[in-house]
Amino acid sequence: MPKRPSLAEAVAAGRRAARVTVAAAAGFYPAAYLLDQPVTAVYALFTPIAFGVLSPVPGSGRERAATVLRAWPAAAVLTAAGTALAVDTWAAVAGMLLVGFVLTFGALCGPRLAGTVPGLQLFYILACFPPFAPDTLPHRLAGVALGGTALIVCEVAVFPDPPDPSYGDRIADTLDLSARVARSLMRSAAPEPGLAEGLREAGRGLRFSQQPAGARPTGAGRKDRGLAQAGSATRRLVDQLATLTGLHPAPADTASQNLLGGIAAACAATAEALRRRRPGAGPEPVEEMVAQFLAARDGGPTGPSSRPHQVLLRQSTVLTIAVSAVTVRTAVALAFGGRRPVYGLPREQFWYARMPTVRLFAVRFTGNLTRRSVVFQNALRSAFGLALARLVAGSLDLSHGFWVLLTVLTLARTTAVATWSAVRAAVVGTLAGACAAGLLLIGAGRATEVYAYLLVPMMLIAFAAGPLEGPAWAQGLFTLVVSTAFAQIAPVTWRLAEMRVVDVLTGSAVGLLCGVLAWPFGARAETRRSMTALLRAAAPVVRATTAAVTGDGPAGHAGTADRALRLTRHRLRMAEGSYAQYRTEPSARTRVHSHGRGPAPEAEPDYLAALNVGSRVLVGAYWLPRTDRRPGLPPVALDWARKVTGEAEAAIVRAADFPAGGVPVRLTPPPALPSEAPASVQSLLTDIEVWLDALAVDLRTSTGHRTTGPTRASVS
């Protein structure tokens, strides 16, 4: 049963429909009746439809107006290219193949460009069909300019949408909450009831799936990368704070209390910097407080009874929170401060800090030029589908053949099942709309004023109800819109409705064929494959990290560890991309990936937890060698480090296959140390224990293995 639209969604759809209708009418009627330019009228009508209905341009009214303004030159170029390539069917097909791939693949640049892609494709589609009339290009461009100008004005002046809260503001709110909790934990030994769940809920609110499309920092530039990293680190920070509340009551220690105060101050300062949109100096750098904490912790008394294990766990957890606070502060500084070095911090974690912007985009594009990238798959599917539709329409000499491509453009989905569902509904809607349009054309005949009166209310209804009610309503009502519009451009008969049905059926067949032949299962199979690749790449990093902090690695292992880190980072990005598409597909929305919370009607792994494993492995590899480097451990400590690392590595490799029943992860607890062992050795073993325990929790969750017991944070 499809979900019914809420009142807020209905109001938003009505406001959008009003803006597009006013813009389309403001361009169409003067061009058709005052200037007597039918070509200009057609393009003035379809430009607001392209950018206002077909393209889900995100953001507030002003932001959408700016997006349309920036996209106008590309629309003009595509119109000119389509006009030139309409000379021959094969030339138009080749151009459609290139335009379809470049625009769809170029959506990697960010959400605003991605939102304009369908609309930009429509400009080429409209222009690339016969007749070949290069002399009409000025009229076509005038229509694009007229319709675009009208839409820009309407986005700002006609029921403008308010701006959505930015992702930076959401991070700032969560950091303010973190600062309050950190201060509370300093003052009170017993946390408030429900505090841990409130923190975790705030962290879940920072997931990209919870953000409006325009607020997601998914672009390839430094600002978006910095905000995305800040959001990820903030989610870890609140999760670690929630874990710390579970470790109370614990004997208080001055080092942890002081560091909690520094964390609170750093969170508050970073939140203020986010709201001001520029990096701030803030309080005493938290990195210095981490160094003081490590000196106090590792320089303490020796012996196994000098510090209870509960105190060691608390100290290690506070250290992980501080590491996350440093990560957030640095990522925000990079997002708003531009290209700069990161002194004293892991360069691998902030690899984009000093890279030129052009290189950042090149990294994004080259990293996705692989058949395992869902973006690459989508670009190929879209390009070949549109090119095939253009070939079929040109070969069959279909009247109004651009409707064939428009059908492919609007009904194609990332899975064959979803495409069939959309096509089935669209065909029913088109048949109903064609019957209504045929009756209208027969009844009104050549009474142009009838169509002129009906066009505006039909557009308003179609653009409001279509996006809310699905493909059947959208295609049926759009059939009425185009029938009343074209009846004002040139004399038509009821056969126009018949042509519309033939074109939609042809486009539906092409879309279904491409959906079946090109990755019919969408991102589901690719997501599982990419998660498996991620976990297998991350497993060796665990051993390499432990070897680095214990001095147990063979000669030359540093180069091997660096290659493993780069591979894991690349596979994490690929897995995040496939998971993002997987979450948009209907088969994925039946399962809530929330670490065991929510219904799970399908036995799908918790891929979000698998992503967390990869992220925790990477951040632990970045930071543990900086906070803990203790070569020359006692034999009992070194033996335990080797054993527990092997257990964790083997568990990650087993989890990569997502076996039925899950992966039971059992890690050997740290051994009792000899009385002469330094305090730093105790701290090192506890840091490794906390890191691996957190990985174990995510591994159990990702494979569906239920467990009981406390959840610990990690240096991640």
# chains A, B, ... in the order shown; residues from 1 in each chain; ligands from 1
>>> residues_around(residues="A:Val326", least_positions_apart="4", cutoff="7 Å", atoms="only C-alpha atoms", output="NGL selection string")
:A and (286-287 or 322 or 330)
>>> residues_around(residues="A:Thr686", least_positions_apart="5", cutoff="8 Å", atoms="only C-alpha atoms", output="ChimeraX atom specification")
/A:312-313,316,670
>>> write_last_selection(atoms="C-alpha atoms", output="CSV table (one decimal), in the first residue's frame")
chain,number,residue,atom,x,y,z
A,312,LEU,CA,41.3,2.5,32.5
A,313,LEU,CA,38.1,2.0,30.4
A,316,SER,CA,40.3,5.3,27.1
A,670,PRO,CA,43.7,-8.4,28.4
>>> residues_around(residues="stretch 114-126 of chain A", least_positions_apart="3", cutoff="7 Å", atoms="only C-alpha atoms", output="list in words")
Ala50, Phe51, Leu54, Ser55, Pro56, Val57, Pro58, Ala75, Leu78, Thr79, Ala81, Gly82, Gly100, Leu103, Thr104, Ala107, Gly110, Pro111, Phe129 and Phe402 of chain A
>>> closest_residue(among="A:Ala296, A:Val87, A:Cys109, A:Ala655", to="A:Gly219", atoms="only C-alpha atoms")
A:Cys109
>>> closest_residue(among="A:Pro5, A:Gly367, A:Gly577, A:Pro520", to="A:Leu608", atoms="only C-alpha atoms")
A:Gly577
>>> closest_residue(among="A:Gly147, A:Gly61, A:Gly443, A:Pro605", to="A:Thr527", atoms="only C-alpha atoms")
A:Pro605
